[in-house]
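Colleague: Below you will find the structure I want to go over with you.
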Amino acid sequence: MHKKSIFYFGIALATLLILAGLPAYIRYQLGYGNLAGFFSDALIAFIFFYPLISLKRRFKWPILLLWFCANAAGFELFKAMLRLPSWPDLLYLDDAVFINNSLFTLRLVTENHLLLFGLGFFALILMPQLNTVRKIKHHLMIVCASIFVLLACHTYLFSKNFNSNIYAQYNPLHWLFIHPLASKQNSPATISEDILHRDLNGTRYFKKGKAKNVLIIAMEGIPGSYITQSRHFFNLPQPQNEMPLLSNLSKQAMVVPDFVAHSHQTIRGLYAMLCSDVSKLSWSTPKATQLQNVPQQASLCLPNQLKKNSYTTHYLQASGLSFMGKDKFMPLIGFDEVHGLEWFDSNKSENRQWGVDDQTFFDGALTYLDTIKNSRKPWLLTLLTVGTHHPYEVSDEFAKNYWDRKQASIAFLDMAISHFMDNLKKKGFLENTLVILTADESHGTELGDWSSSWVPLIVFAPENTKLPKLKSGNYGLLDITLSVLDYLKLEILPSLKGRSIFRNYTKPRILVSFTADRLRWLDENGQRIECTYMGKCQKCDSHSIIGPSYCSGQEFVNSKIWIEQAQWLDNNLSRLTNEVSYQFSTGKKQIIKRAWKDQWADNLTGALYLDFPEKSKTKVHIKWTVHKAPPEGLGLSLFLKQAEQEINEKIPKLETLHEGESGDVTFEITSREARSSFSFHLLAEAPGVVEISDFLVTVSKDL
């Protein structure tokens, strides 16, 4: 018996070492190993350890699968985007396009890391039943409770460290748990509208541009450091990845090295560049989604502005349009022609991941340009690539020549876009077209977390000899709309924001970016202010959001004002209308295999993470039909949460229905103070088939 106990003790210890050691090893390999991070990995391992040694074998499988998926996906996200997961990311698990394109392809970037996880996973499965060590279960319950206390202590102690990054301090699962606390916001402050405004006080480089057409190319996830001129401007070391061919072509263009993305995610970057506004500086509802309730604001976006001046407007991307709602957003902001994956030859899109590869895409873009070049009207064409999006659209044969698929996809894009630009020149497009190359977001680099804010800006114009080769000054995606209108010398409405890259400015400006869960400002003196996820801000010795800098490590600035200004900018669309509506029903029949167990995983609707302004009333209308139910009927339950915590509101009980019956309920929620991260959890109490035909949330202001 003694030997048997030692044997099982050894198995338990090996299990714990695997759970803690593999994430710690990958953290070390990625170059972000420190005491806080290893401590976090160990704590999460202990939390998984207890159910693995105490539950029956059939319950071990889901525990092991959760551990494997959470850590593997978390580190994959970090490697791809230099950030850890947040709760809004879980919404994509309900998106068939995301699941199909990101997971089912099985072409992930860190194959060596996944191999380690896989070995650990199968090693755990092959171990005998560890629940035989029942004698220590009571003690382990005490240990497990202590671990949660230590997790809280870890969060409190290390959150005080200004200069340490979250991915160096937290295991992905640990960060996911504490993120709602870190993201908690107060009521939006009343701030002057001059935070970011239209600035036309610079001196023009020329009176009016010669080009009549506009081509904007958004390269998926490309950091500014991949352009040699931009890297040299900041005197930075050579990164792991570069785009030498495009850098060489850029010698004929104007390069803006100090150019930032305001946040993560493609839809947010496209909104910023096309609608002259800062995208959300948080993970709340994207402004592109909110824009459907503010048509007067959509009229300010670049395509609508150019349509007023007789332009035809076109949008073409390499992937499907439904993901992130670009099929609704693009027509709303003024694109006459909107095309995605369906536009390309179906034979060329076979075996694709997110969409067609970059070479196929740019070949298609040339064909598209040939169809519109003889138009009597001037045109705007916006292109979005997808090949450098995780898990990277590049062939296995091409990828084998590079360190990993990410590096291969960057090299492939470099060749494809350089070939495309050469063809534009040969066909004469550059003689009458303003070409702007940028990125929707930055997937970051090993240079630092600030590189997640850095995207390239390269401008090809007939007047390039009159433009500086390297354009100094701080600029961002929100400046593109105003710059295009300024180049064409069209009307620039006072409500537009930003500066023109075609003017020379001598005074500093205010600018902002929220990436890698850190908020970065330039103040009115051009001084960098950095705010941590816990809302503590500090002054840094840089006059740019880009590049490394020394930060004081102490709170020498008024943190509250910088956080409140970011919240104010986040809510600018909400203040423009007294009523907004969101429809969350799919109208599809949902097969329910069991009664709900988890309020997140079993939720029947996507009405999550909504923001309600102060002095508002929210009307909710739900209509559903039960198509199949057990003899006793099928009941639905509705729970309300705010910042992940369940709240009590007086709402009607949803009646139990039998097969063929329909239910209909309407209720209101009053918000005296602003609410953020508000979620509805609609759950089934029994197996069956349910159709949610209506889940309409309407928010009205001014109680």
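In the structure tokens, chains take letters A, B, ... by order of appearance, with residues numbered from 1 within each chain and ligands from 1 in the order shown.
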Using DSSP secondary structure from the backbone, list all strand (DSSP E or B) positions within stretch 179-328 of chain A, as a list in words.

Modeller: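 Those residues are Arg198, Asp199, Thr203, Arg204, Asn213, Val214, Leu215, Ile216, Ile217, Ala218, Met219, Met254, Val255, Phe259, Val260, Thr312, Thr313, His314, Tyr315, Leu316, Gln317 and Ser319 of chain A.
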
Colleague: Hey, can you spit out that residue selection with N, CA and C atoms as a PDB file, in the first residue's frame?

Modeller:
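The file below, selection.pdb, is the result:
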ATOM      1  N   ARG A 198     -10.836  68.880 -36.102  1.00  0.00           N
ATOM      2  CA  ARG A 198     -10.320  69.184 -37.435  1.00  0.00           C
ATOM      3  C   ARG A 198      -9.214  70.229 -37.319  1.00  0.00           C
ATOM      4  N   ASP A 199      -8.045  69.892 -37.843  1.00  0.00           N
ATOM      5  CA  ASP A 199      -6.899  70.798 -37.777  1.00  0.00           C
ATOM      6  C   ASP A 199      -6.363  71.022 -39.184  1.00  0.00           C
ATOM      7  N   THR A 203       0.631  74.148 -43.243  1.00  0.00           N
ATOM      8  CA  THR A 203       0.901  74.729 -44.566  1.00  0.00           C
ATOM      9  C   THR A 203       0.838  73.638 -45.629  1.00  0.00           C
ATOM     10  N   ARG A 204       0.053  73.872 -46.701  1.00  0.00           N
ATOM     11  CA  ARG A 204      -0.109  72.890 -47.769  1.00  0.00           C
ATOM     12  C   ARG A 204       1.187  72.750 -48.567  1.00  0.00           C
ATOM     13  N   ASN A 213      -8.500  59.896 -58.949  1.00  0.00           N
ATOM     14  CA  ASN A 213      -8.978  58.651 -58.348  1.00  0.00           C
ATOM     15  C   ASN A 213      -8.223  58.365 -57.048  1.00  0.00           C
ATOM     16  N   VAL A 214      -8.830  57.548 -56.192  1.00  0.00           N
ATOM     17  CA  VAL A 214      -8.241  57.233 -54.885  1.00  0.00           C
ATOM     18  C   VAL A 214      -8.256  55.721 -54.685  1.00  0.00           C
ATOM     19  N   LEU A 215      -7.090  55.174 -54.351  1.00  0.00           N
ATOM     20  CA  LEU A 215      -6.953  53.751 -54.041  1.00  0.00           C
ATOM     21  C   LEU A 215      -6.353  53.619 -52.648  1.00  0.00           C
ATOM     22  N   ILE A 216      -7.094  53.006 -51.728  1.00  0.00           N
ATOM     23  CA  ILE A 216      -6.624  52.774 -50.358  1.00  0.00           C
ATOM     24  C   ILE A 216      -6.427  51.276 -50.175  1.00  0.00           C
ATOM     25  N   ILE A 217      -5.235  50.883 -49.751  1.00  0.00           N
ATOM     26  CA  ILE A 217      -4.913  49.463 -49.552  1.00  0.00           C
ATOM     27  C   ILE A 217      -4.617  49.241 -48.077  1.00  0.00           C
ATOM     28  N   ALA A 218      -5.418  48.399 -47.439  1.00  0.00           N
ATOM     29  CA  ALA A 218      -5.215  48.047 -46.042  1.00  0.00           C
ATOM     30  C   ALA A 218      -4.600  46.650 -45.985  1.00  0.00           C
ATOM     31  N   MET A 219      -3.361  46.569 -45.524  1.00  0.00           N
ATOM     32  CA  MET A 219      -2.662  45.290 -45.411  1.00  0.00           C
ATOM     33  C   MET A 219      -2.929  44.713 -44.017  1.00  0.00           C
ATOM     34  N   MET A 254       6.017  58.957 -50.434  1.00  0.00           N
ATOM     35  CA  MET A 254       6.139  59.629 -49.138  1.00  0.00           C
ATOM     36  C   MET A 254       5.797  58.615 -48.047  1.00  0.00           C
ATOM     37  N   VAL A 255       6.714  58.435 -47.121  1.00  0.00           N
ATOM     38  CA  VAL A 255       6.511  57.516 -45.999  1.00  0.00           C
ATOM     39  C   VAL A 255       6.262  58.339 -44.736  1.00  0.00           C
ATOM     40  N   PHE A 259       3.066  56.708 -37.385  1.00  0.00           N
ATOM     41  CA  PHE A 259       1.668  56.526 -37.764  1.00  0.00           C
ATOM     42  C   PHE A 259       1.076  55.388 -36.933  1.00  0.00           C
ATOM     43  N   VAL A 260      -0.060  55.649 -36.284  1.00  0.00           N
ATOM     44  CA  VAL A 260      -0.580  54.684 -35.318  1.00  0.00           C
ATOM     45  C   VAL A 260      -1.962  54.169 -35.700  1.00  0.00           C
ATOM     46  N   THR A 312     -17.671  57.228 -57.927  1.00  0.00           N
ATOM     47  CA  THR A 312     -18.188  55.881 -57.714  1.00  0.00           C
ATOM     48  C   THR A 312     -17.315  55.231 -56.647  1.00  0.00           C
ATOM     49  N   THR A 313     -17.917  54.427 -55.793  1.00  0.00           N
ATOM     50  CA  THR A 313     -17.185  53.908 -54.632  1.00  0.00           C
ATOM     51  C   THR A 313     -17.227  52.388 -54.619  1.00  0.00           C
ATOM     52  N   HIS A 314     -16.065  51.765 -54.379  1.00  0.00           N
ATOM     53  CA  HIS A 314     -15.916  50.312 -54.492  1.00  0.00           C
ATOM     54  C   HIS A 314     -15.108  49.786 -53.310  1.00  0.00           C
ATOM     55  N   TYR A 315     -15.516  48.615 -52.818  1.00  0.00           N
ATOM     56  CA  TYR A 315     -14.794  47.943 -51.735  1.00  0.00           C
ATOM     57  C   TYR A 315     -14.608  46.484 -52.117  1.00  0.00           C
ATOM     58  N   LEU A 316     -13.373  45.993 -51.980  1.00  0.00           N
ATOM     59  CA  LEU A 316     -13.052  44.613 -52.324  1.00  0.00           C
ATOM     60  C   LEU A 316     -12.122  44.039 -51.266  1.00  0.00           C
ATOM     61  N   GLN A 317     -12.483  42.886 -50.698  1.00  0.00           N
ATOM     62  CA  GLN A 317     -11.611  42.214 -49.744  1.00  0.00           C
ATOM     63  C   GLN A 317     -11.459  40.757 -50.115  1.00  0.00           C
ATOM     64  N   SER A 319     -11.636  38.066 -48.234  1.00  0.00           N
ATOM     65  CA  SER A 319     -12.391  37.091 -47.444  1.00  0.00           C
ATOM     66  C   SER A 319     -13.883  37.387 -47.511  1.00  0.00           C
TER      67      SER A 319
END

Colleague: Got a sec to tell me which of stretch 484-591 of chain A DSSP assigns to alpha helix (DSSP H), as a ChimeraX atom specification?

Modeller: /A:484-488,559-570

Colleague: One decimal, in Å: what's the spacing between atom CA of A:Phe234 and atom CA of A:Val484?

Modeller: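 Separating atom CA of A:Phe234 from atom CA of A:Val484 is a distance of 26.1 Å.
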
Colleague: My list of candidates is A:Asn171, A:Ser310, A:Gln565, A:Gln554. Which is closest to A:Pro85 when distances are computed with only C-alpha atoms?

Modeller: A:Asn171

Colleague: Excluding A:Ile44 and residues on its chain fewer than 3 positions from it, collect all residues at most 10 Å away from it, counting only C-alpha atoms, and give them as a list in words.

Modeller: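 Here the qualifying residues turn out to be Leu19, Ala20, Pro23, Phe39, Ser40, Asp41, Ile47, Phe48, Phe49, Trp67, Ile147, Phe148, Leu151, Tyr170, Asn171, Pro172, Leu173 and His174 of chain A.
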
Colleague: Could those residues be written to a file, using N, CA and C atoms, as a CSV table (one decimal), in the first residue's frame?

Modeller:
chain,number,residue,atom,x,y,z
A,19,LEU,N,1.1,20.5,-16.1
A,19,LEU,CA,0.1,21.6,-16.2
A,19,LEU,C,0.8,23.0,-16.0
A,20,ALA,N,1.8,23.0,-15.1
A,20,ALA,CA,2.5,24.3,-14.9
A,20,ALA,C,3.7,24.5,-15.8
A,23,PRO,N,3.0,25.7,-20.1
A,23,PRO,CA,2.8,27.1,-20.3
A,23,PRO,C,4.0,27.9,-19.9
A,39,PHE,N,4.6,32.4,-11.8
A,39,PHE,CA,3.7,32.3,-10.7
A,39,PHE,C,2.2,32.1,-11.1
A,40,SER,N,1.8,32.9,-12.1
A,40,SER,CA,0.5,32.8,-12.7
A,40,SER,C,0.2,31.5,-13.3
A,41,ASP,N,1.2,31.0,-14.1
A,41,ASP,CA,1.1,29.6,-14.7
A,41,ASP,C,0.9,28.6,-13.7
A,47,ILE,N,-5.3,25.1,-9.9
A,47,ILE,CA,-6.7,25.1,-10.0
A,47,ILE,C,-7.2,24.0,-10.9
A,48,PHE,N,-6.5,23.6,-11.9
A,48,PHE,CA,-6.9,22.5,-12.8
A,48,PHE,C,-6.5,21.1,-12.1
A,49,PHE,N,-5.5,21.2,-11.3
A,49,PHE,CA,-5.0,20.0,-10.7
A,49,PHE,C,-6.0,19.3,-9.8
A,67,TRP,N,-8.2,23.0,-20.4
A,67,TRP,CA,-6.8,23.4,-20.1
A,67,TRP,C,-6.0,23.5,-21.4
A,147,ILE,N,-5.3,28.9,-3.2
A,147,ILE,CA,-4.9,29.3,-4.5
A,147,ILE,C,-5.6,30.5,-5.0
A,148,PHE,N,-7.0,30.5,-4.8
A,148,PHE,CA,-7.8,31.6,-5.2
A,148,PHE,C,-7.4,32.9,-4.5
A,151,LEU,N,-4.2,34.0,-6.1
A,151,LEU,CA,-4.5,34.7,-7.4
A,151,LEU,C,-4.9,36.1,-7.2
A,170,TYR,N,0.7,37.4,-16.6
A,170,TYR,CA,-0.4,36.5,-16.5
A,170,TYR,C,-0.5,35.4,-17.5
A,171,ASN,N,-0.9,34.2,-16.9
A,171,ASN,CA,-1.3,33.1,-17.8
A,171,ASN,C,-2.6,33.6,-18.5
A,172,PRO,N,-2.8,33.1,-19.8
A,172,PRO,CA,-4.0,33.6,-20.6
A,172,PRO,C,-5.3,33.4,-19.8
A,173,LEU,N,-5.5,32.2,-19.1
A,173,LEU,CA,-6.7,32.0,-18.4
A,173,LEU,C,-6.8,33.0,-17.2
A,174,HIS,N,-5.7,33.2,-16.5
A,174,HIS,CA,-5.7,34.1,-15.4
A,174,HIS,C,-6.2,35.5,-15.8

Colleague: List the spatial neighbours of stretch 431-444 of chain A as a PDB file with N, CA and C atoms, in the first residue's frame - criterion: any atom at most 7 Å away, only C-alpha atoms, same-chain residues fewer than 5 positions off excluded.

Modeller:
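The resulting selection.pdb:
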ATOM      1  N   ALA A  80       0.285  35.832 -32.365  1.00  0.00           N
ATOM      2  CA  ALA A  80      -0.243  36.462 -33.577  1.00  0.00           C
ATOM      3  C   ALA A  80      -0.456  37.958 -33.412  1.00  0.00           C
ATOM      4  N   MET A  81      -0.951  38.392 -32.224  1.00  0.00           N
ATOM      5  CA  MET A  81      -1.380  39.784 -32.063  1.00  0.00           C
ATOM      6  C   MET A  81      -0.731  40.501 -30.884  1.00  0.00           C
ATOM      7  N   LEU A  82       0.160  39.834 -30.157  1.00  0.00           N
ATOM      8  CA  LEU A  82       0.850  40.426 -29.019  1.00  0.00           C
ATOM      9  C   LEU A  82      -0.142  40.940 -27.976  1.00  0.00           C
ATOM     10  N   LYS A 210      -3.205  66.392 -58.331  1.00  0.00           N
ATOM     11  CA  LYS A 210      -3.509  66.119 -59.743  1.00  0.00           C
ATOM     12  C   LYS A 210      -4.338  64.849 -59.924  1.00  0.00           C
ATOM     13  N   ALA A 211      -4.197  63.922 -59.013  1.00  0.00           N
ATOM     14  CA  ALA A 211      -4.915  62.645 -59.148  1.00  0.00           C
ATOM     15  C   ALA A 211      -6.412  62.859 -58.961  1.00  0.00           C
ATOM     16  N   LYS A 212      -7.206  62.154 -59.766  1.00  0.00           N
ATOM     17  CA  LYS A 212      -8.660  62.250 -59.610  1.00  0.00           C
ATOM     18  C   LYS A 212      -9.234  61.016 -58.920  1.00  0.00           C
ATOM     19  N   ASN A 213      -8.500  59.896 -58.949  1.00  0.00           N
ATOM     20  CA  ASN A 213      -8.978  58.651 -58.348  1.00  0.00           C
ATOM     21  C   ASN A 213      -8.223  58.365 -57.048  1.00  0.00           C
ATOM     22  N   VAL A 214      -8.830  57.548 -56.192  1.00  0.00           N
ATOM     23  CA  VAL A 214      -8.241  57.233 -54.885  1.00  0.00           C
ATOM     24  C   VAL A 214      -8.256  55.721 -54.685  1.00  0.00           C
ATOM     25  N   LEU A 215      -7.090  55.174 -54.351  1.00  0.00           N
ATOM     26  CA  LEU A 215      -6.953  53.751 -54.041  1.00  0.00           C
ATOM     27  C   LEU A 215      -6.353  53.619 -52.648  1.00  0.00           C
ATOM     28  N   ILE A 216      -7.094  53.006 -51.728  1.00  0.00           N
ATOM     29  CA  ILE A 216      -6.624  52.774 -50.358  1.00  0.00           C
ATOM     30  C   ILE A 216      -6.427  51.276 -50.175  1.00  0.00           C
ATOM     31  N   ILE A 217      -5.235  50.883 -49.751  1.00  0.00           N
ATOM     32  CA  ILE A 217      -4.913  49.463 -49.552  1.00  0.00           C
ATOM     33  C   ILE A 217      -4.617  49.241 -48.077  1.00  0.00           C
ATOM     34  N   ALA A 218      -5.418  48.399 -47.439  1.00  0.00           N
ATOM     35  CA  ALA A 218      -5.215  48.047 -46.042  1.00  0.00           C
ATOM     36  C   ALA A 218      -4.600  46.650 -45.985  1.00  0.00           C
ATOM     37  N   MET A 219      -3.361  46.569 -45.524  1.00  0.00           N
ATOM     38  CA  MET A 219      -2.662  45.290 -45.411  1.00  0.00           C
ATOM     39  C   MET A 219      -2.929  44.713 -44.017  1.00  0.00           C
ATOM     40  N   GLU A 220      -3.464  43.533 -43.966  1.00  0.00           N
ATOM     41  CA  GLU A 220      -3.888  42.927 -42.707  1.00  0.00           C
ATOM     42  C   GLU A 220      -2.749  42.797 -41.689  1.00  0.00           C
ATOM     43  N   GLY A 221      -2.864  43.541 -40.573  1.00  0.00           N
ATOM     44  CA  GLY A 221      -2.007  43.348 -39.410  1.00  0.00           C
ATOM     45  C   GLY A 221      -0.561  43.771 -39.524  1.00  0.00           C
ATOM     46  N   ILE A 222      -0.174  44.536 -40.534  1.00  0.00           N
ATOM     47  CA  ILE A 222       1.249  44.823 -40.769  1.00  0.00           C
ATOM     48  C   ILE A 222       1.752  45.958 -39.865  1.00  0.00           C
ATOM     49  N   PRO A 223       2.815  45.720 -39.090  1.00  0.00           N
ATOM     50  CA  PRO A 223       3.410  46.782 -38.266  1.00  0.00           C
ATOM     51  C   PRO A 223       4.267  47.724 -39.105  1.00  0.00           C
ATOM     52  N   ALA A 261      -2.224  52.932 -35.281  1.00  0.00           N
ATOM     53  CA  ALA A 261      -3.580  52.387 -35.234  1.00  0.00           C
ATOM     54  C   ALA A 261      -4.112  52.693 -33.845  1.00  0.00           C
ATOM     55  N   HIS A 264      -7.094  47.424 -31.704  1.00  0.00           N
ATOM     56  CA  HIS A 264      -7.032  46.144 -32.390  1.00  0.00           C
ATOM     57  C   HIS A 264      -8.329  45.916 -33.178  1.00  0.00           C
ATOM     58  N   GLN A 265      -8.311  44.931 -34.038  1.00  0.00           N
ATOM     59  CA  GLN A 265      -9.433  44.407 -34.826  1.00  0.00           C
ATOM     60  C   GLN A 265      -9.638  45.177 -36.141  1.00  0.00           C
ATOM     61  N   THR A 266      -9.860  44.385 -37.189  1.00  0.00           N
ATOM     62  CA  THR A 266      -9.994  44.915 -38.541  1.00  0.00           C
ATOM     63  C   THR A 266     -11.132  45.913 -38.661  1.00  0.00           C
ATOM     64  N   GLY A 269     -10.214  49.245 -37.258  1.00  0.00           N
ATOM     65  CA  GLY A 269      -9.259  49.979 -38.081  1.00  0.00           C
ATOM     66  C   GLY A 269      -9.903  50.567 -39.325  1.00  0.00           C
ATOM     67  N   LEU A 270     -10.767  49.794 -39.980  1.00  0.00           N
ATOM     68  CA  LEU A 270     -11.463  50.298 -41.169  1.00  0.00           C
ATOM     69  C   LEU A 270     -12.371  51.456 -40.813  1.00  0.00           C
ATOM     70  N   ASP A 449       5.538  45.996 -26.693  1.00  0.00           N
ATOM     71  CA  ASP A 449       4.084  46.025 -26.839  1.00  0.00           C
ATOM     72  C   ASP A 449       3.589  47.286 -27.539  1.00  0.00           C
ATOM     73  N   SER A 451       4.586  48.331 -30.242  1.00  0.00           N
ATOM     74  CA  SER A 451       4.545  48.081 -31.687  1.00  0.00           C
ATOM     75  C   SER A 451       3.161  47.630 -32.145  1.00  0.00           C
ATOM     76  N   SER A 452       2.297  47.246 -31.202  1.00  0.00           N
ATOM     77  CA  SER A 452       0.912  46.922 -31.561  1.00  0.00           C
ATOM     78  C   SER A 452       0.132  48.161 -31.973  1.00  0.00           C
ATOM     79  N   SER A 453       0.687  49.345 -31.706  1.00  0.00           N
ATOM     80  CA  SER A 453       0.049  50.601 -32.115  1.00  0.00           C
ATOM     81  C   SER A 453       0.603  51.136 -33.433  1.00  0.00           C
ATOM     82  N   TRP A 454       1.606  50.477 -33.988  1.00  0.00           N
ATOM     83  CA  TRP A 454       2.359  51.027 -35.116  1.00  0.00           C
ATOM     84  C   TRP A 454       1.937  50.373 -36.424  1.00  0.00           C
ATOM     85  N   VAL A 455       1.458  51.162 -37.363  1.00  0.00           N
ATOM     86  CA  VAL A 455       1.135  50.672 -38.702  1.00  0.00           C
ATOM     87  C   VAL A 455       1.818  51.565 -39.741  1.00  0.00           C
ATOM     88  N   PRO A 456       2.057  51.043 -40.943  1.00  0.00           N
ATOM     89  CA  PRO A 456       2.726  51.849 -41.969  1.00  0.00           C
ATOM     90  C   PRO A 456       1.763  52.823 -42.654  1.00  0.00           C
ATOM     91  N   LEU A 457       2.325  53.862 -43.225  1.00  0.00           N
ATOM     92  CA  LEU A 457       1.580  54.736 -44.145  1.00  0.00           C
ATOM     93  C   LEU A 457       2.536  55.145 -45.259  1.00  0.00           C
ATOM     94  N   ILE A 458       2.192  54.728 -46.481  1.00  0.00           N
ATOM     95  CA  ILE A 458       3.009  55.006 -47.669  1.00  0.00           C
ATOM     96  C   ILE A 458       2.092  55.623 -48.713  1.00  0.00           C
ATOM     97  N   VAL A 459       2.498  56.748 -49.273  1.00  0.00           N
ATOM     98  CA  VAL A 459       1.646  57.500 -50.190  1.00  0.00           C
ATOM     99  C   VAL A 459       2.333  57.642 -51.549  1.00  0.00           C
ATOM    100  N   PHE A 460       1.669  57.150 -52.590  1.00  0.00           N
ATOM    101  CA  PHE A 460       2.103  57.355 -53.970  1.00  0.00           C
ATOM    102  C   PHE A 460       1.146  58.353 -54.618  1.00  0.00           C
ATOM    103  N   ALA A 461       1.689  59.479 -55.058  1.00  0.00           N
ATOM    104  CA  ALA A 461       0.874  60.521 -55.690  1.00  0.00           C
ATOM    105  C   ALA A 461       1.653  61.114 -56.857  1.00  0.00           C
ATOM    106  N   PRO A 462       0.960  61.676 -57.853  1.00  0.00           N
ATOM    107  CA  PRO A 462       1.672  62.324 -58.966  1.00  0.00           C
ATOM    108  C   PRO A 462       2.609  63.427 -58.492  1.00  0.00           C
TER     109      PRO A 462
END
